[in-house]
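Asks: Structure file structure.txt, compact mmCIF, C-alpha atoms (C1' of nucleotides), is pasted below:
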```txt
# COMPACT_ATOMS: atom_id res chain seq x y z
CA MET R 225 0.00 0.00 0.00
CA ALA R 226 2.37 2.66 1.15
CA ARG R 227 6.11 2.70 0.91
CA ILE R 228 6.85 4.13 4.30
CA LYS R 229 4.45 3.14 7.00
CA PRO R 230 3.06 6.11 8.81
CA GLY R 231 4.14 6.51 12.39
CA LYS R 232 1.71 5.60 15.09
CA ASN R 233 -0.36 8.73 14.66
CA ALA R 234 1.31 10.56 11.80
CA SER R 235 0.79 9.99 8.10
CA LYS R 236 3.57 10.92 5.72
CA LYS R 237 1.64 14.06 4.90
CA ASP R 238 1.71 14.96 8.59
CA VAL R 239 5.45 14.43 8.65
CA ILE R 240 5.82 16.78 5.70
CA ILE R 241 3.65 19.43 7.34
CA GLN R 242 5.59 19.30 10.59
CA ASN R 243 8.90 19.58 8.76
CA ALA R 244 7.47 22.44 6.75
CA ALA R 245 6.50 24.28 9.94
CA THR R 246 10.02 23.92 11.30
CA LEU R 247 11.58 25.02 8.03
CA PHE R 248 9.21 27.94 7.44
CA LYS R 249 9.88 29.09 10.99
CA SER R 250 13.66 29.10 10.66
CA LYS R 251 14.02 30.45 7.11
CA GLY R 252 10.71 32.13 6.39
CA PHE R 253 8.18 30.87 3.86
CA SER R 254 9.68 32.54 0.81
CA SER R 255 13.26 31.58 1.54
CA ALA R 256 12.40 27.98 2.31
CA SER R 257 12.67 25.77 -0.76
CA MET R 258 10.88 22.57 -1.55
CA ARG R 259 14.30 21.00 -2.07
CA GLU R 260 15.23 21.78 1.52
CA LEU R 261 11.92 20.47 2.75
CA ALA R 262 12.41 17.29 0.76
CA GLU R 263 15.86 16.84 2.23
CA ALA R 264 14.48 17.23 5.75
CA VAL R 265 11.82 14.62 4.99
CA GLY R 266 14.30 12.33 3.28
CA VAL R 267 13.05 12.22 -0.32
CA GLU R 268 13.60 14.08 -3.58
CA ALA R 269 11.61 17.26 -4.06
CA PRO R 270 9.15 16.01 -6.70
CA SER R 271 8.18 13.10 -4.48
CA LEU R 272 6.58 15.53 -2.07
CA TYR R 273 3.87 16.13 -4.65
CA ASN R 274 2.61 12.60 -4.22
CA HIS R 275 1.35 13.73 -0.82
CA ILE R 276 0.67 17.43 -1.02
CA GLY R 277 -0.72 19.80 -3.60
CA SER R 278 1.66 22.72 -3.41
CA LYS R 279 3.93 24.77 -1.21
CA SER R 280 1.11 27.22 -0.61
CA GLU R 281 -1.15 24.46 0.60
CA LEU R 282 1.34 23.64 3.34
CA LEU R 283 1.22 27.19 4.63
CA GLN R 284 -2.57 27.18 4.52
CA GLY R 285 -2.72 23.98 6.52
CA ILE R 286 -0.46 25.36 9.21
CA CYS R 287 -2.12 28.77 9.50
CA PHE R 288 -5.68 27.48 9.72
CA LYS R 289 -4.86 24.68 12.10
CA VAL R 290 -3.55 27.28 14.53
CA ALA R 291 -6.35 29.76 13.92
CA ASN R 292 -8.97 27.06 14.46
CA ALA R 293 -7.35 25.95 17.69
CA PHE R 294 -7.66 29.44 19.16
CA THR R 295 -11.17 29.93 17.89
CA SER R 296 -12.28 26.58 19.28
CA TYR R 297 -10.90 27.30 22.69
CA LEU R 298 -12.60 30.67 22.80
CA ASP R 299 -15.85 28.95 21.84
CA SER R 300 -15.41 26.52 24.71
CA THR R 301 -15.14 29.34 27.23
CA GLU R 302 -18.12 31.22 25.85
CA ASN R 303 -20.65 29.49 28.05
CA THR R 304 -18.75 29.47 31.31
CA LEU R 305 -20.43 31.55 33.96
CA GLY R 306 -17.30 32.61 35.79
CA LYS R 307 -16.12 36.13 36.31
CA TYR R 308 -14.48 38.10 33.53
CA THR R 309 -11.15 37.95 35.28
CA GLU R 310 -11.27 34.18 35.40
CA ARG R 311 -12.19 33.83 31.74
CA LEU R 312 -9.47 36.25 30.71
CA GLU R 313 -6.93 34.40 32.79
CA GLN R 314 -7.94 31.08 31.23
CA ILE R 315 -7.54 32.49 27.77
CA ILE R 316 -4.14 34.00 28.52
CA ARG R 317 -2.98 30.66 29.90
CA PHE R 318 -4.21 28.87 26.80
CA HIS R 319 -2.26 31.26 24.59
CA ILE R 320 0.89 30.72 26.63
CA ARG R 321 0.56 26.97 26.46
CA MET R 322 -0.10 27.03 22.73
CA MET R 323 3.08 29.06 22.29
CA LEU R 324 5.11 26.62 24.36
CA ASP R 325 3.62 23.36 23.06
CA ASN R 326 3.13 24.13 19.37
CA PHE R 327 5.88 26.63 18.89
CA ASP R 328 6.79 26.07 15.25
CA GLU R 329 3.26 26.14 13.93
CA VAL R 330 2.13 29.10 16.02
CA TYR R 331 5.25 30.97 14.98
CA VAL R 332 4.58 30.32 11.32
CA ALA R 333 0.93 31.33 11.63
CA ASN R 334 2.00 34.56 13.35
CA HIS R 335 4.78 35.46 10.95
CA GLU R 336 4.11 33.98 7.54
CA TRP R 337 0.35 34.36 7.04
CA LYS R 338 1.18 37.27 4.77
CA HIS R 339 2.20 34.79 2.08
CA LEU R 340 -1.17 33.06 1.99
CA LYS R 341 -2.90 33.33 -1.35
CA GLU R 342 -6.43 34.51 -1.86
CA PRO R 343 -9.00 33.64 -0.76
CA TYR R 344 -7.14 32.12 2.17
CA LEU R 345 -5.44 35.36 3.07
CA SER R 346 -8.75 37.17 3.42
CA ASN R 347 -10.32 34.34 5.34
CA PHE R 348 -7.43 34.17 7.74
CA LEU R 349 -7.56 37.89 8.43
CA LEU R 350 -11.32 37.79 8.89
CA GLN R 351 -11.03 34.96 11.36
CA ARG R 352 -8.34 36.76 13.31
CA ARG R 353 -10.27 40.02 13.32
CA SER R 354 -13.32 38.20 14.59
CA TYR R 355 -11.28 36.60 17.36
CA GLU R 356 -9.92 39.96 18.45
CA LYS R 357 -13.39 41.44 18.51
CA ARG R 358 -14.63 38.72 20.80
CA LEU R 359 -11.76 39.38 23.17
CA ILE R 360 -12.50 43.08 23.09
CA SER R 361 -16.12 42.35 24.02
CA LEU R 362 -14.90 40.29 26.93
CA MET R 363 -12.71 43.17 28.01
CA GLU R 364 -15.56 45.66 27.71
CA GLY R 365 -17.76 43.40 29.81
CA GLY R 366 -15.12 43.23 32.50
CA ILE R 367 -14.72 47.00 32.49
CA MET R 368 -18.46 47.55 32.82
CA ALA R 369 -18.62 44.98 35.59
CA LYS R 370 -15.87 46.96 37.31
CA GLU R 371 -13.57 43.96 37.38
CA PHE R 372 -11.12 45.75 35.08
CA LYS R 373 -9.85 49.29 35.20
CA HIS R 374 -11.33 51.90 32.94
CA THR R 375 -9.00 51.70 29.96
CA ASN R 376 -9.20 51.47 26.22
CA PRO R 377 -10.25 47.86 25.59
CA TYR R 378 -8.45 47.70 22.25
CA VAL R 379 -5.19 48.70 23.87
CA ALA R 380 -5.66 46.18 26.66
CA VAL R 381 -6.33 43.28 24.30
CA LEU R 382 -3.45 44.29 22.08
CA THR R 383 -1.11 44.49 25.02
CA ILE R 384 -2.08 41.05 26.27
CA LEU R 385 -1.98 39.29 22.90
CA SER R 386 1.33 40.87 22.00
CA ALA R 387 2.96 40.07 25.31
CA VAL R 388 2.00 36.42 25.00
CA ARG R 389 3.13 36.28 21.40
CA GLY R 390 6.51 37.48 22.55
CA LEU R 391 7.11 34.04 24.02
CA GLU R 392 8.60 33.24 20.65
CA PHE R 393 11.73 34.96 21.95
CA TRP R 394 11.69 32.81 24.99
CA GLN R 395 12.69 29.55 23.40
CA GLN R 396 16.33 30.07 24.25
CA HIS R 397 15.66 30.36 27.95
CA LYS R 398 13.34 27.40 28.13
CA LYS R 399 15.77 25.41 30.19
CA ASN R 400 16.47 28.06 32.79
CA ILE R 401 12.91 28.53 33.99
CA SER R 402 9.93 26.26 34.34
CA SER R 403 6.89 26.70 32.16
CA GLN R 404 4.75 27.05 35.23
CA VAL R 405 6.71 29.96 36.68
CA LEU R 406 6.77 31.63 33.29
CA GLU R 407 3.04 31.21 32.87
CA ASP R 408 2.20 32.42 36.37
CA ASP R 409 4.52 35.42 36.30
CA MET R 410 3.28 36.58 32.93
CA VAL R 411 -0.37 36.20 33.89
CA ASN R 412 0.26 38.15 37.08
CA HIS R 413 2.11 40.88 35.26
CA LEU R 414 -0.63 41.32 32.68
CA LEU R 415 -3.44 41.27 35.22
CA LYS R 416 -1.88 43.05 38.18
CA GLY R 417 1.09 44.98 36.87
CA ILE R 418 4.70 45.10 37.85
CA THR R 419 4.87 48.03 40.28
CA LYS R 420 4.07 47.53 43.94
CA MET U 74 25.73 66.63 -11.09
CA ALA U 75 22.79 64.42 -10.30
CA ARG U 76 19.83 63.62 -12.46
CA ILE U 77 17.21 63.93 -9.80
CA LYS U 78 17.90 66.52 -7.19
CA PRO U 79 17.68 65.15 -3.69
CA GLY U 80 14.77 66.36 -1.60
CA LYS U 81 15.44 68.89 1.08
CA ASN U 82 16.95 66.38 3.47
CA ALA U 83 16.91 63.11 1.57
CA SER U 84 19.47 61.89 -0.93
CA LYS U 85 18.37 59.46 -3.60
CA LYS U 86 19.93 56.71 -1.54
CA ASP U 87 17.70 57.72 1.35
CA VAL U 88 14.68 57.55 -0.92
CA ILE U 89 15.66 54.05 -1.96
CA ILE U 90 16.13 52.96 1.64
CA GLN U 91 12.78 54.32 2.72
CA ASN U 92 11.03 52.62 -0.18
CA ALA U 93 12.88 49.42 0.65
CA ALA U 94 11.64 49.58 4.24
CA THR U 95 8.06 49.94 3.06
CA LEU U 96 8.42 47.15 0.54
CA PHE U 97 10.23 44.76 2.88
CA LYS U 98 7.54 45.40 5.47
CA SER U 99 4.65 44.60 3.19
CA LYS U 100 6.09 41.64 1.26
CA GLY U 101 8.95 40.40 3.40
CA PHE U 102 12.62 40.68 2.45
CA SER U 103 12.82 37.50 0.39
CA SER U 104 9.62 38.08 -1.56
CA ALA U 105 10.46 41.67 -2.33
CA SER U 106 12.27 42.01 -5.65
CA MET U 107 14.65 44.68 -6.78
CA ARG U 108 12.38 45.17 -9.77
CA GLU U 109 9.51 46.10 -7.48
CA LEU U 110 11.73 48.40 -5.47
CA ALA U 111 12.90 50.07 -8.66
CA GLU U 112 9.33 50.58 -9.77
CA ALA U 113 8.46 52.20 -6.45
CA VAL U 114 11.44 54.52 -6.79
CA GLY U 115 10.70 55.22 -10.44
CA VAL U 116 13.73 53.77 -12.24
CA GLU U 117 14.80 50.51 -13.83
CA ALA U 118 16.24 47.89 -11.50
CA PRO U 119 19.90 48.10 -12.55
CA SER U 120 19.89 51.86 -11.96
CA LEU U 121 19.50 51.22 -8.25
CA TYR U 122 23.06 49.92 -8.22
CA ASN U 123 24.37 53.38 -8.99
CA HIS U 124 23.36 54.27 -5.44
CA ILE U 125 23.50 51.11 -3.38
CA GLY U 126 25.70 48.05 -3.19
CA SER U 127 23.20 45.24 -2.91
CA LYS U 128 19.82 44.17 -1.66
CA SER U 129 21.43 42.83 1.51
CA GLU U 130 23.04 46.17 2.19
CA LEU U 131 19.61 47.78 2.29
CA LEU U 132 18.46 45.39 4.97
CA GLN U 133 21.63 45.97 6.96
CA GLY U 134 21.14 49.73 6.84
CA ILE U 135 17.59 49.48 8.09
CA CYS U 136 18.27 46.97 10.87
CA PHE U 137 21.27 48.76 12.35
CA LYS U 138 19.73 52.19 12.11
CA VAL U 139 16.90 50.92 14.32
CA ALA U 140 19.14 48.97 16.67
CA ASN U 141 21.41 51.96 17.15
CA ALA U 142 18.48 54.24 17.91
CA PHE U 143 17.37 52.01 20.77
CA THR U 144 20.88 51.54 22.09
CA SER U 145 21.57 55.28 21.99
CA TYR U 146 18.42 56.10 23.90
CA LEU U 147 19.22 53.55 26.56
CA ASP U 148 22.69 55.07 26.85
CA SER U 149 21.14 58.48 27.36
CA THR U 150 19.06 57.26 30.31
CA GLU U 151 21.97 55.45 31.92
CA ASN U 152 23.11 58.42 33.97
CA THR U 153 19.77 59.74 35.10
CA LEU U 154 19.36 59.51 38.83
CA GLY U 155 15.62 58.98 38.85
CA LYS U 156 13.82 56.05 40.31
CA TYR U 157 13.67 52.72 38.51
CA THR U 158 10.00 53.15 37.77
CA GLU U 159 10.64 56.46 36.07
CA ARG U 160 13.44 55.13 33.93
CA LEU U 161 11.43 52.10 32.93
CA GLU U 162 8.49 54.29 32.03
CA GLN U 163 10.70 56.54 29.91
CA ILE U 164 12.06 53.57 28.04
CA ILE U 165 8.62 52.10 27.40
CA ARG U 166 7.43 55.44 26.08
CA PHE U 167 10.43 55.66 23.77
CA HIS U 168 9.68 52.22 22.38
CA ILE U 169 6.07 53.17 21.77
CA ARG U 170 7.02 56.37 19.99
CA MET U 171 9.60 54.58 17.86
CA MET U 172 6.91 52.11 16.79
CA LEU U 173 4.51 54.88 15.89
CA ASP U 174 6.95 57.27 14.24
CA ASN U 175 9.25 54.87 12.39
CA PHE U 176 6.87 52.05 11.79
CA ASP U 177 8.22 50.60 8.56
CA GLU U 178 11.84 50.49 9.63
CA VAL U 179 11.16 49.15 13.11
CA TYR U 180 8.88 46.53 11.63
CA VAL U 181 11.55 45.41 9.20
CA ALA U 182 14.21 45.30 11.91
CA ASN U 183 11.88 43.20 14.07
CA HIS U 184 10.78 40.79 11.35
CA GLU U 185 13.44 40.51 8.70
CA TRP U 186 16.75 40.55 10.60
CA LYS U 187 16.85 36.81 10.02
CA HIS U 188 17.89 37.44 6.44
CA LEU U 189 20.96 39.46 7.37
CA LYS U 190 24.19 37.89 6.19
CA GLU U 191 27.17 37.22 8.37
CA PRO U 192 28.81 38.93 10.09
CA TYR U 193 25.90 41.36 10.31
CA LEU U 194 23.51 38.73 11.58
CA SER U 195 25.74 37.87 14.52
CA ASN U 196 26.41 41.51 15.30
CA PHE U 197 22.75 42.35 15.24
CA LEU U 198 21.88 39.52 17.61
CA LEU U 199 24.73 40.44 19.94
CA GLN U 200 23.56 44.02 20.06
CA ARG U 201 20.01 42.98 20.79
CA ARG U 202 21.05 40.51 23.45
CA SER U 203 23.14 43.18 25.10
CA TYR U 204 20.21 45.58 25.06
CA GLU U 205 17.97 43.01 26.69
CA LYS U 206 20.52 42.33 29.38
CA ARG U 207 20.72 45.98 30.26
CA LEU U 208 16.95 46.10 30.61
CA ILE U 209 17.02 43.01 32.77
CA SER U 210 19.59 44.68 35.04
CA LEU U 211 17.31 47.66 35.34
CA MET U 212 14.46 45.38 36.27
CA GLU U 213 16.56 43.55 38.86
CA GLY U 214 17.58 46.88 40.38
CA GLY U 215 13.96 47.90 40.67
CA ILE U 216 13.05 44.61 42.27
CA MET U 217 15.84 44.88 44.83
CA ALA U 218 14.85 48.49 45.54
CA LYS U 219 11.34 47.18 46.17
CA GLU U 220 9.89 49.39 43.47
CA PHE U 221 8.87 46.35 41.45
CA LYS U 222 7.19 43.18 42.56
CA HIS U 223 9.26 40.08 43.13
CA THR U 224 9.00 38.40 39.74
CA ASN U 225 11.26 36.82 37.19
CA PRO U 226 13.05 39.77 35.56
CA TYR U 227 13.42 37.97 32.24
CA VAL U 228 9.71 37.38 32.04
CA ALA U 229 8.95 40.98 32.96
CA VAL U 230 11.27 42.42 30.32
CA LEU U 231 9.97 40.01 27.72
CA THR U 232 6.39 40.90 28.54
CA ILE U 233 7.04 44.61 28.21
CA LEU U 234 9.10 44.46 25.03
CA SER U 235 6.63 42.13 23.37
CA ALA U 236 3.61 44.17 24.31
CA VAL U 237 5.14 47.29 22.85
CA ARG U 238 6.23 45.48 19.73
CA GLY U 239 2.64 44.47 19.23
CA LEU U 240 1.87 48.02 18.22
CA GLU U 241 2.64 46.82 14.73
CA PHE U 242 -0.92 45.49 14.73
CA TRP U 243 -2.21 48.82 15.76
CA GLN U 244 -1.62 50.69 12.53
CA GLN U 245 -5.14 50.07 11.36
CA HIS U 246 -6.70 51.76 14.38
CA LYS U 247 -4.41 54.75 14.35
CA LYS U 248 -7.20 57.10 13.41
CA ASN U 249 -9.64 55.97 16.08
CA ILE U 250 -7.49 56.73 19.09
CA SER U 251 -4.86 59.33 19.85
CA SER U 252 -1.22 58.35 20.24
CA GLN U 253 -1.21 59.90 23.68
CA VAL U 254 -4.09 57.80 25.00
CA LEU U 255 -2.54 54.70 23.48
CA GLU U 256 0.81 55.45 25.04
CA ASP U 257 -0.62 56.27 28.45
CA ASP U 258 -2.97 53.29 28.60
CA MET U 259 -0.29 50.84 27.58
CA VAL U 260 2.24 52.23 30.06
CA ASN U 261 -0.34 52.03 32.83
CA HIS U 262 -1.30 48.50 31.91
CA LEU U 263 2.30 47.30 31.88
CA LEU U 264 3.21 49.04 35.13
CA LYS U 265 0.03 48.71 37.16
CA GLY U 266 -2.00 45.92 35.57
CA ILE U 267 -5.52 45.73 34.31
CA THR U 268 -7.46 44.40 37.29
CA LYS U 269 -8.73 46.72 40.00
C1' DT X 22 3.61 -15.61 -7.11
C1' DA X 23 0.95 -12.26 -9.92
C1' DT X 24 -1.46 -7.79 -9.84
C1' DA X 25 -2.26 -3.16 -8.94
C1' DA X 26 -1.59 0.85 -6.61
C1' DA X 27 1.30 3.97 -4.17
C1' DA X 28 5.27 6.46 -4.02
C1' DA X 29 9.75 6.92 -5.21
C1' DC X 30 13.00 8.46 -8.93
C1' DT X 31 15.25 11.33 -13.11
C1' DA X 32 14.78 14.80 -16.42
C1' DA X 33 12.87 18.78 -18.03
C1' DT X 34 10.23 23.30 -18.16
C1' DA X 35 9.39 27.92 -17.71
C1' DA X 36 9.66 31.67 -14.89
C1' DG X 37 11.90 34.85 -11.76
C1' DC X 38 15.85 36.41 -9.35
C1' DA X 39 20.02 39.70 -8.18
C1' DT X 40 23.51 41.49 -10.41
C1' DT X 41 27.13 42.95 -14.17
C1' DA X 42 28.65 44.99 -18.57
C1' DG X 43 28.41 48.29 -21.78
C1' DT X 44 26.14 52.30 -23.68
C1' DT X 45 23.48 56.50 -23.82
C1' DT X 46 21.35 60.33 -21.69
C1' DT X 47 21.36 64.10 -18.55
C1' DG X 48 22.90 67.96 -15.85
C1' DT X 49 26.62 70.89 -14.05
C1' DA X 50 30.65 73.60 -14.14
C1' DA X 51 34.38 75.68 -16.75
C1' DT P 183 29.47 75.65 -25.75
C1' DT P 184 32.46 72.03 -24.44
C1' DA P 185 33.95 68.57 -21.20
C1' DC P 186 33.11 65.58 -17.54
C1' DA P 187 30.82 62.83 -14.39
C1' DA P 188 26.69 61.05 -12.50
C1' DA P 189 23.01 58.28 -13.32
C1' DA P 190 19.92 56.50 -16.34
C1' DC P 191 19.10 52.83 -19.87
C1' DT P 192 19.17 47.95 -22.51
C1' DA P 193 20.85 43.48 -22.82
C1' DA P 194 22.69 39.63 -20.95
C1' DT P 195 24.42 36.14 -17.42
C1' DG P 196 24.02 32.52 -14.47
C1' DC P 197 21.51 30.76 -10.85
C1' DT P 198 17.43 29.13 -8.25
C1' DT P 199 12.75 28.23 -8.04
C1' DA P 200 8.16 25.36 -7.89
C1' DT P 201 6.15 22.20 -10.47
C1' DT P 202 5.03 18.57 -14.29
C1' DA P 203 5.85 14.45 -17.15
C1' DG P 204 7.20 10.07 -17.59
C1' DT P 205 9.36 5.99 -15.65
C1' DT P 206 10.84 2.73 -12.24
C1' DT P 207 10.77 0.78 -7.74
C1' DT P 208 8.46 -0.72 -3.77
C1' DT P 209 4.71 -2.69 -1.10
C1' DA P 210 0.45 -4.90 0.04
C1' DT P 211 -3.07 -7.85 -1.27
C1' DA P 212 -5.36 -11.71 -3.72
```
Rewrite the structure of this file - the entire thing - as structure tokens.
Replies:
Amino acid sequence: MARIKPGKNASKKDVIIQNAATLFKSKGFSSASMRELAEAVGVEAPSLYNHIGSKSELLQGICFKVANAFTSYLDSTENTLGKYTERLEQIIRFHIRMMLDNFDEVYVANHEWKHLKEPYLSNFLLQRRSYEKRLISLMEGGIMAKEFKHTNPYVAVLTILSAVRGLEFWQQHKKNISSQVLEDDMVNHLLKGITK
Amino acid sequence: MARIKPGKNASKKDVIIQNAATLFKSKGFSSASMRELAEAVGVEAPSLYNHIGSKSELLQGICFKVANAFTSYLDSTENTLGKYTERLEQIIRFHIRMMLDNFDEVYVANHEWKHLKEPYLSNFLLQRRSYEKRLISLMEGGIMAKEFKHTNPYVAVLTILSAVRGLEFWQQHKKNISSQVLEDDMVNHLLKGITK
DNA sequence: TATAAAAACTAATAAGCATTAGTTTTGTAA
DNA sequence: TTACAAAACTAATGCTTATTAGTTTTTATA
């Protein structure tokens, strides 16, 4: 049937996608060549096309997998009755864990979405814009409920999302500090500030 | 002497560099072609080489101009006697203003440095690492002086730098909110938190 | 063992790239 | 107006790219 048996849970296509994420992360989508990807996978470049449609399709797969993960999690918190602070904290923690556990793919989705082709580019941006709006609503709710300070909700959401995204720079220090401390300190900083 | 007179303060080389920053920002360094850059400038591609050495050189110019601006500002605050909180606030405000006033170039320095060639790549990373370390020292001083909470200084610096960097997403909302409100709200959030 | 499909391979295509060489145009200063 | 230099142009080079076509090898099943 197939030449190389898929791993326990990963088809050859999955292997290609994962290698693509790693390669796109380290060289950027445009600079990464299908020859390099093929070498990482262990075949000649044209053989890749037995499993995938195109280079673009790889980027699409990565970007929408990540976008859907965030959207799904937000959906799952939509019906919780907890306080705004609790929901916000949950969401921040999910972002941090996504960054730490799926680094390559999240990095690529964050940095290389620009190279998506239409209509995927538009869809991706729409989905992200919609996600941001839902977070802003959450923030506005918390402000009206007096759980959050009176501040511009756009700025607050931007600050939080950007800070978490910055974990991409953290990879180098991974060994020096536990994920739990990192997660807790960042959540505290974003919710309660740094000054005493 | 020259075919096209330079603008009041900008030589033709400066015009090319500014156009390169805009192009590299919107398409990425690798995807941006010298043909496109030439079209933006209003000449044929080979004519660019009467003014610049190479495509790489353009990226180098942009990246180090930005890096030096940040380093110089940090130098200038080194001898101020003020409290840690004040110095940190000044630095955050400088970062925010750099993002708003020199968006294209800062964006390129943040996103495209990866495509620098050696030895510029190594130098750039060294300079950035050194800058981060100086900020971490500042943070540690503030913690020891009990101005800042007891937290991991790496995480705090990362959170602040990343949040500010995220202003790159803000460009679209520029018209809806004044720079001053943005700056003040973000500084407050990062120093004092969002929860009441 | 024979059959058929899946997936590997080699070779080739057509396009795009940064850059160089050589020439012509343009603008300034004598 | 003539001479010179700066900067534009056209044409060409050599390289890299994603992808397709056509063929051979491998693998699983009957």
Asks: Would you mind listing, as a PDB file with C-alpha atoms, in the coordinates of the input, all residues of chain U that have at least one atom within 6 Å of chain R, where only C-alpha atoms are what counts?
Replies:
```pdb
ATOM      1  CA  SER U 103      12.820  37.500   0.390  1.00  0.00           C
ATOM      2  CA  PHE U 221       8.870  46.350  41.450  1.00  0.00           C
ATOM      3  CA  LYS U 222       7.190  43.180  42.560  1.00  0.00           C
ATOM      4  CA  THR U 232       6.390  40.900  28.540  1.00  0.00           C
ATOM      5  CA  SER U 235       6.630  42.130  23.370  1.00  0.00           C
ATOM      6  CA  ALA U 236       3.610  44.170  24.310  1.00  0.00           C
ATOM      7  CA  GLY U 239       2.640  44.470  19.230  1.00  0.00           C
ATOM      8  CA  LEU U 263       2.300  47.300  31.880  1.00  0.00           C
ATOM      9  CA  LEU U 264       3.210  49.040  35.130  1.00  0.00           C
ATOM     10  CA  LYS U 265       0.030  48.710  37.160  1.00  0.00           C
ATOM     11  CA  GLY U 266      -2.000  45.920  35.570  1.00  0.00           C
ATOM     12  CA  ILE U 267      -5.520  45.730  34.310  1.00  0.00           C
ATOM     13  CA  THR U 268      -7.460  44.400  37.290  1.00  0.00           C
ATOM     14  CA  LYS U 269      -8.730  46.720  40.000  1.00  0.00           C
TER      15      LYS U 269
END
```
Asks: Could you give me, as a Markdown table, every chain X residue with an atom at most 9 Å from chain U, plus its closest atom pair and distance in Å to one decimal, counting only C-alpha atoms (C1' of nucleotides), rows ordered by chain then number?
Replies:
```
| residue | atom | partner | partner_atom | distance |
| --- | --- | --- | --- | --- |
| X:DC38 | C1' | U:Ser106 | CA | 7.6 |
| X:DA39 | C1' | U:Met107 | CA | 7.5 |
| X:DT40 | C1' | U:Pro119 | CA | 7.8 |
| X:DT47 | C1' | U:Arg76 | CA | 6.3 |
| X:DG48 | C1' | U:Met74 | CA | 5.7 |
| X:DT49 | C1' | U:Met74 | CA | 5.3 |
```
Asks: Tell me, in Å to one decimal, how far atom CA of Phe294 of chain R is from atom CA of Arg352 of chain R.
Replies: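 Going from atom CA of Phe294 of chain R over to atom CA of Arg352 of chain R, I get 9.4 Å.
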Asks: Between atom CA of Ser251 of chain U and atom CA of Gln351 of chain R, what is the distance in Å, rounded to a tenth?
Replies: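 Rounded to one decimal, the two atoms are 26.5 Å apart.
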Asks: Extract, using all atoms listed in the file, all DNA, RNA and protein residues at most 7 Å from segment 80-95 of chain U, discarding same-chain residues fewer than 6 positions from it, and format them as JSON, numbers by chain.
Replies: {"U": [110, 113, 114, 124, 125, 131, 177, 178, 181]}
Asks: I need the chain P residues near chain R as a PyMOL selection string; criterion: at most 8 Å, counting only C-alpha atoms (C1' of nucleotides).
Replies: chain P and resi 199-201+208-210
Asks: Could you jot down the atom CA of Glu302 of chain R to atom CA of Phe318 of chain R separation for me, Å, one decimal place?
Replies: 14.1 Å
